[in-house]
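A short write-up of the structure that comes next.
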Amino acid sequence: MTDHVEIPTRMLVHALIREDGTVCAEELYSVANTLGMSDQQVRLCIKRLVADGRFTHQGRGRKAQLHATAETTRALAPNAEFLRHAFQQDAGLAPWDGVWHVAAFAVPESARTARDALRETLVHLGGAPLQGGLYVCANAWEPYVEEAAQRLGAHGALTLLTTTDLRRGDSREPAGLARELWPLQEIADRYHRLGRIARPRLARLTGPAGLSPSALLTIAVELAAELTRAMEPDPLLPPQLLPRPWPGAEARELVARCWAALHERDGGEARPALFRLYADITREAAERATR
């Protein structure tokens, strides 16, 4: 038995957004039913998304069509740049230069909301706390940190610096520091699960049996959901700082093969935007690796 993939209804709607910003209700209900969701569950989700101003709605029932607002499309676009960077690391094309990137901030209690949001952003970007208001990352994150601080009105309270001499207590060896600062085992476990999810789906995609459009969409959504769960907490540390072998590289390679197989099977039909995005990224990664 393959691992069950939990997919919130809202995530399913988002995953099925086509490149023109629409979601076909027929596809939505069909995939939702395959995933064990009821029609009522889908209808309530659509109602909430429309009420929140995330989508507009035309038509009724399975003949309806949803239109994502421009804001929704921007907010939900997978971070292709980070995924590309991960594949570059896996191929040995993004070696670490030994530089640690540090961000410090001192936001007053009166701006607690901005302070908490900045802290969450730093962690999301791969930062680890060294102490209160001081975070470190192994990648060049400055443009993303500054953009977030500007947006939150906290840019004046932000200090950025780099160093090649990071010590924490008696620890200064880079890989040892990485083990102390980031929950590597928890991250590895997520990638082990992603691998378990991807393997049987790859076997179906590359096997001789035909797969319906609904089945292909279901596999695509499951893979996208698990890839997101694995990568969101991953600081994308350079391979030099990670245990070997690192399950992230193997899991992403399996997912890349799945996306290539999905792309071959889609028959040129209109597909969710993530089909093209992931297929393009994995194709680029394969081309770079063979140069």
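The chains in the structure tokens are called A, B, ... from first to last as shown; in each chain the residues are counted from 1, and the ligands are counted from 1 in the order shown.
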Show which residues sit within 7 Å of Ala273 in chain A, as a ChimeraX atom specification. Count only C-alpha atoms, and ignore same-chain residues fewer than 2 positions away. /A:17-19,271,275-277
Using N, CA and C atoms, can you export the residues from the last selection as a PDB file, in the first residue's frame?
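In the end it all went to again28.pdb:
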```pdb
ATOM      1  N   ILE A  17      -4.930  25.392 -10.982  1.00  0.00           N
ATOM      2  CA  ILE A  17      -4.987  26.640 -11.747  1.00  0.00           C
ATOM      3  C   ILE A  17      -4.195  26.469 -13.038  1.00  0.00           C
ATOM      4  N   ARG A  18      -4.852  26.753 -14.159  1.00  0.00           N
ATOM      5  CA  ARG A  18      -4.191  26.650 -15.452  1.00  0.00           C
ATOM      6  C   ARG A  18      -3.360  27.909 -15.725  1.00  0.00           C
ATOM      7  N   GLU A  19      -2.605  27.851 -16.808  1.00  0.00           N
ATOM      8  CA  GLU A  19      -1.737  28.979 -17.126  1.00  0.00           C
ATOM      9  C   GLU A  19      -2.520  30.245 -17.441  1.00  0.00           C
ATOM     10  N   ARG A 271      -3.145  22.075 -19.340  1.00  0.00           N
ATOM     11  CA  ARG A 271      -2.901  21.479 -18.029  1.00  0.00           C
ATOM     12  C   ARG A 271      -2.663  22.574 -16.997  1.00  0.00           C
ATOM     13  N   PHE A 275       2.194  21.879 -14.165  1.00  0.00           N
ATOM     14  CA  PHE A 275       2.711  20.871 -15.093  1.00  0.00           C
ATOM     15  C   PHE A 275       3.895  21.435 -15.862  1.00  0.00           C
ATOM     16  N   ARG A 276       3.674  22.606 -16.491  1.00  0.00           N
ATOM     17  CA  ARG A 276       4.725  23.199 -17.309  1.00  0.00           C
ATOM     18  C   ARG A 276       5.895  23.666 -16.446  1.00  0.00           C
ATOM     19  N   LEU A 277       5.574  24.289 -15.307  1.00  0.00           N
ATOM     20  CA  LEU A 277       6.629  24.821 -14.447  1.00  0.00           C
ATOM     21  C   LEU A 277       7.580  23.728 -13.999  1.00  0.00           C
TER      22      LEU A 277
END
```
Counting only C-alpha atoms, which residues of range 135-242 of chain A sit at most 8 Å from some atom of range 249-266 of chain A, and what is each one's closest atom pair with its distance in Å to one decimal, listed by chain and rising residue number, as CSV?
```
residue,atom,partner,partner_atom,distance
A:Tyr191,CA,A:Ala251,CA,6.0
A:His192,CA,A:Ala251,CA,7.1
A:Leu194,CA,A:Ala251,CA,6.1
A:Gly195,CA,A:Ala251,CA,4.7
A:Ala198,CA,A:Val255,CA,6.1
A:Arg199,CA,A:Leu254,CA,6.9
A:Arg201,CA,A:Cys258,CA,7.3
A:Leu202,CA,A:Cys258,CA,5.2
A:Leu205,CA,A:Ala261,CA,6.0
A:Thr206,CA,A:Ala261,CA,6.5
A:Pro213,CA,A:Asp266,CA,7.7
A:Leu216,CA,A:Leu262,CA,7.0
A:Ala220,CA,A:Leu262,CA,7.6
A:Leu223,CA,A:Val255,CA,7.2
```
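By chain and then residue number, the residues within 8 Å of Ala64 in chain A are Cys24, Ala25, Glu26, His57, Gln58, Gly59 and Arg60 of chain A, counting only C-alpha atoms and disregarding those fewer than 4 positions away in sequence.
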Restrict the selected residues to N, CA, C and O atoms and save them as a short mmCIF file (atom, residue, chain, number, x, y, z; two decimals), in the first residue's frame.
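The new file selection31.cif reads:
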```cif
data_model
loop_
_atom_site.label_atom_id
_atom_site.label_comp_id
_atom_site.auth_asym_id
_atom_site.auth_seq_id
_atom_site.Cartn_x
_atom_site.Cartn_y
_atom_site.Cartn_z
N CYS A 24 -11.03 24.53 -14.12
CA CYS A 24 -12.20 23.85 -14.67
C CYS A 24 -12.89 23.06 -13.56
O CYS A 24 -12.29 22.18 -12.94
N ALA A 25 -14.17 23.37 -13.30
CA ALA A 25 -14.89 22.71 -12.22
C ALA A 25 -15.00 21.21 -12.45
O ALA A 25 -14.94 20.42 -11.50
N GLU A 26 -15.18 20.79 -13.70
CA GLU A 26 -15.29 19.36 -13.99
C GLU A 26 -14.04 18.62 -13.53
O GLU A 26 -14.11 17.57 -12.89
N HIS A 57 -16.28 33.51 -10.13
CA HIS A 57 -16.97 32.26 -10.44
C HIS A 57 -17.97 32.49 -11.56
O HIS A 57 -18.74 33.45 -11.53
N GLN A 58 -17.93 31.63 -12.58
CA GLN A 58 -18.88 31.70 -13.69
C GLN A 58 -19.49 30.33 -13.91
O GLN A 58 -18.77 29.33 -13.93
N GLY A 59 -20.80 30.28 -14.10
CA GLY A 59 -21.47 29.01 -14.36
C GLY A 59 -21.87 28.30 -13.08
O GLY A 59 -21.66 28.79 -11.97
N ARG A 60 -22.46 27.13 -13.27
CA ARG A 60 -22.95 26.37 -12.12
C ARG A 60 -22.45 24.94 -12.17
O ARG A 60 -22.23 24.37 -13.24
#
```
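Residues in contact with Thr121 in chain A at 12 Å, where only C-alpha atoms are counted and same-chain residues fewer than 4 positions away are skipped, are listed as Ala103, Ala114, Arg115, Asp116, Ala117, Leu125, Gly126, Gly127, Ala128, Tyr135, Trp141, Tyr144, Val145, Glu146, Glu147, Ala148, Ala149, Arg151, Leu152, Glu232, Pro233 and Pro235 of chain A.
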Output file for the residues above (N, CA, C and O atoms, as a compact mmCIF listing (two decimals), in the first residue's frame):
```txt
# COMPACT_ATOMS: atom_id res chain seq x y z
N ALA A 103 21.55 37.94 9.44
CA ALA A 103 20.58 39.03 9.52
C ALA A 103 20.23 39.26 10.98
O ALA A 103 19.98 38.31 11.73
N ALA A 114 4.85 43.10 12.70
CA ALA A 114 5.92 43.14 11.72
C ALA A 114 7.11 42.31 12.18
O ALA A 114 7.75 41.61 11.38
N ARG A 115 7.41 42.37 13.46
CA ARG A 115 8.54 41.61 14.00
C ARG A 115 8.32 40.11 13.83
O ARG A 115 9.22 39.38 13.38
N ASP A 116 7.12 39.64 14.17
CA ASP A 116 6.83 38.21 14.04
C ASP A 116 6.85 37.78 12.58
O ASP A 116 7.34 36.69 12.25
N ALA A 117 6.32 38.64 11.70
CA ALA A 117 6.29 38.30 10.28
C ALA A 117 7.70 38.23 9.72
O ALA A 117 8.02 37.35 8.90
N LEU A 125 13.00 31.43 4.66
CA LEU A 125 14.09 31.59 3.70
C LEU A 125 15.30 30.73 4.02
O LEU A 125 16.32 30.80 3.33
N GLY A 126 15.21 29.92 5.07
CA GLY A 126 16.31 29.00 5.39
C GLY A 126 17.18 29.45 6.54
O GLY A 126 18.23 28.87 6.78
N GLY A 127 16.74 30.48 7.26
CA GLY A 127 17.53 30.98 8.38
C GLY A 127 17.33 30.15 9.64
O GLY A 127 16.30 29.54 9.85
N ALA A 128 18.36 30.15 10.49
CA ALA A 128 18.29 29.49 11.79
C ALA A 128 18.63 30.53 12.86
O ALA A 128 19.54 31.35 12.66
N TYR A 135 19.82 35.82 13.01
CA TYR A 135 19.60 34.61 12.21
C TYR A 135 20.73 34.43 11.21
O TYR A 135 21.31 35.41 10.72
N TRP A 141 20.87 35.32 0.85
CA TRP A 141 19.44 35.62 0.99
C TRP A 141 19.14 37.11 1.06
O TRP A 141 17.98 37.50 1.22
N TYR A 144 16.02 38.82 -0.73
CA TYR A 144 14.73 38.37 -0.23
C TYR A 144 14.45 38.95 1.16
O TYR A 144 13.32 39.35 1.47
N VAL A 145 15.48 39.00 2.01
CA VAL A 145 15.32 39.55 3.35
C VAL A 145 15.00 41.04 3.27
O VAL A 145 14.10 41.54 3.96
N GLU A 146 15.71 41.76 2.43
CA GLU A 146 15.47 43.20 2.31
C GLU A 146 14.08 43.49 1.75
O GLU A 146 13.41 44.43 2.19
N GLU A 147 13.66 42.70 0.77
CA GLU A 147 12.32 42.89 0.21
C GLU A 147 11.25 42.70 1.28
O GLU A 147 10.31 43.49 1.38
N ALA A 148 11.41 41.67 2.11
CA ALA A 148 10.44 41.41 3.17
C ALA A 148 10.46 42.52 4.21
O ALA A 148 9.40 42.98 4.66
N ALA A 149 11.64 42.97 4.59
CA ALA A 149 11.75 44.04 5.59
C ALA A 149 11.14 45.34 5.07
O ALA A 149 10.44 46.06 5.81
N ARG A 151 8.73 45.56 2.81
CA ARG A 151 7.29 45.35 2.77
C ARG A 151 6.65 45.47 4.15
O ARG A 151 5.52 45.94 4.28
N LEU A 152 7.38 45.05 5.18
CA LEU A 152 6.85 45.05 6.55
C LEU A 152 7.15 46.35 7.29
O LEU A 152 6.78 46.49 8.46
N GLU A 232 9.33 23.14 2.03
CA GLU A 232 9.04 24.37 2.78
C GLU A 232 9.95 24.54 4.01
O GLU A 232 10.44 25.63 4.25
N PRO A 233 10.19 23.49 4.81
CA PRO A 233 11.08 23.66 5.96
C PRO A 233 12.55 23.43 5.65
O PRO A 233 13.39 23.50 6.55
N PRO A 235 16.13 24.38 4.52
CA PRO A 235 16.93 25.58 4.29
C PRO A 235 17.81 25.50 3.05
O PRO A 235 18.53 26.45 2.74
```
One decimal, in Å: what's the spacing between CA of Leu160 in chain A and CA of Gly98 in chain A? 16.8 Å
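For the residues A:Leu44, A:Ala138, A:Leu161, A:Met11, ranking by smallest atom-to-atom distance to Leu181 in chain A using only C-alpha atoms places A:Ala138 first.
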Hey, what's within 10 Å of Val42 in chain A if we count only C-alpha atoms and toss same-chain stuff fewer than 2 positions away? As a VMD selection string, please? chain A and resid 9 to 10 12 to 13 25 28 to 29 32 to 33 37 to 40 44 to 48
Contacts of Glu180 in chain A at 12 Å (only C-alpha atoms; same-chain gap of 4+ positions) as a PyMOL selection string: chain A and resi 128-130+167-176+184-185+241-242
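Nearest residue to His101 in chain A among A:Val31, A:Asp52, A:Asp165, A:Thr69 is A:Asp165, counting only C-alpha atoms.
The closest residue to Gly156 in chain A, picked from A:Leu236, A:Ala106, A:Leu177, A:Val123 and counting only C-alpha atoms, is A:Ala106.
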Taking the backbone alone, and naming residues the way the document does, which bits of range 43-186 of chain A are strand (DSSP E) by DSSP, as a list of chain:residue names? A:Phe55, A:Thr56, A:His57, A:Gln58, A:Gln65, A:Leu66, A:His67, A:Ala68, A:Trp100, A:His101, A:Val102, A:Ala103, A:Ala104, A:Phe105, A:Ala128, A:Pro129, A:Leu130, A:Gln131, A:Leu134, A:Tyr135, A:Val136, A:Cys137, A:Leu158, A:Thr159, A:Leu160, A:Leu161, A:Thr162, A:Thr163
Which neighbours of range 224-229 of chain A fall inside 8 Å, counting only C-alpha atoms, when residues of the same chain fewer than 5 positions from it are skipped, and could you give them as an MDAnalysis selection string? chainID A and resid 5 7 11 15 190 194 197
Selection file, all heavy atoms, as a JSON list (two decimals), in the first residue's frame:
```
[["chain", "number", "residue", "atom", "x", "y", "z"],
["A", 5, "VAL", "N", -1.76, 10.58, 0.80],
["A", 5, "VAL", "CA", -1.37, 11.98, 0.72],
["A", 5, "VAL", "C", -2.55, 12.84, 1.14],
["A", 5, "VAL", "O", -3.61, 12.81, 0.51],
["A", 5, "VAL", "CB", -0.91, 12.36, -0.70],
["A", 5, "VAL", "CG1", -0.53, 13.84, -0.75],
["A", 5, "VAL", "CG2", 0.26, 11.50, -1.13],
["A", 7, "ILE", "N", -4.45, 16.13, 1.23],
["A", 7, "ILE", "CA", -4.48, 17.34, 0.42],
["A", 7, "ILE", "C", -5.69, 18.18, 0.82],
["A", 7, "ILE", "O", -6.83, 17.79, 0.57],
["A", 7, "ILE", "CB", -4.57, 17.01, -1.08],
["A", 7, "ILE", "CG1", -3.35, 16.18, -1.50],
["A", 7, "ILE", "CG2", -4.65, 18.29, -1.92],
["A", 7, "ILE", "CD1", -3.40, 15.72, -2.92],
["A", 11, "MET", "N", -5.83, 23.60, -1.23],
["A", 11, "MET", "CA", -4.60, 23.30, -1.96],
["A", 11, "MET", "C", -4.90, 22.66, -3.30],
["A", 11, "MET", "O", -4.23, 22.94, -4.30],
["A", 11, "MET", "CB", -3.70, 22.38, -1.12],
["A", 11, "MET", "CG", -2.39, 22.00, -1.82],
["A", 11, "MET", "SD", -1.38, 20.82, -0.87],
["A", 11, "MET", "CE", -0.77, 21.89, 0.42],
["A", 15, "ALA", "N", -3.74, 24.03, -6.92],
["A", 15, "ALA", "CA", -2.87, 23.21, -7.76],
["A", 15, "ALA", "C", -3.43, 23.05, -9.17],
["A", 15, "ALA", "O", -2.67, 22.77, -10.11],
["A", 15, "ALA", "CB", -2.68, 21.83, -7.13],
["A", 190, "ARG", "N", 11.11, 13.96, 6.02],
["A", 190, "ARG", "CA", 10.12, 14.44, 5.05],
["A", 190, "ARG", "C", 10.51, 14.00, 3.64],
["A", 190, "ARG", "O", 9.65, 13.64, 2.83],
["A", 190, "ARG", "CB", 10.01, 15.97, 5.12],
["A", 190, "ARG", "CG", 9.31, 16.50, 6.37],
["A", 190, "ARG", "CD", 9.39, 18.01, 6.43],
["A", 190, "ARG", "NE", 8.73, 18.56, 7.59],
["A", 190, "ARG", "CZ", 7.50, 19.08, 7.59],
["A", 190, "ARG", "NH1", 6.82, 19.13, 6.46],
["A", 190, "ARG", "NH2", 6.97, 19.56, 8.69],
["A", 194, "LEU", "N", 8.65, 11.66, 0.89],
["A", 194, "LEU", "CA", 8.45, 12.07, -0.50],
["A", 194, "LEU", "C", 8.91, 10.96, -1.44],
["A", 194, "LEU", "O", 8.24, 10.67, -2.44],
["A", 194, "LEU", "CB", 9.21, 13.37, -0.77],
["A", 194, "LEU", "CG", 9.19, 13.87, -2.22],
["A", 194, "LEU", "CD1", 7.76, 14.12, -2.70],
["A", 194, "LEU", "CD2", 10.03, 15.14, -2.35],
["A", 197, "ILE", "N", 6.35, 8.28, -1.57],
["A", 197, "ILE", "CA", 5.18, 8.71, -2.34],
["A", 197, "ILE", "C", 5.49, 8.63, -3.83],
["A", 197, "ILE", "O", 4.65, 8.20, -4.65],
["A", 197, "ILE", "CB", 4.78, 10.15, -1.95],
["A", 197, "ILE", "CG1", 4.29, 10.22, -0.50],
["A", 197, "ILE", "CG2", 3.73, 10.70, -2.92],
["A", 197, "ILE", "CD1", 3.02, 9.47, -0.23]]
```
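If only C-alpha atoms are the atoms counted, then among A:Glu109, A:Asp189, A:Glu142, A:Glu27 the closest residue to Val221 in chain A is A:Glu27.
Here CA of Asn139 in chain A and CA of Glu287 in chain A stand 23.7 Å from one another.
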Length of the CA of His4 in chain A to CA of Arg43 in chain A vector [Å]: 23.2 Å
Every residue of range 48-173 of chain A that DSSP places in alpha helix (DSSP H), as a VMD selection string: chain A and resid 48 to 51 70 to 76 80 to 90 112 to 124 142 to 151
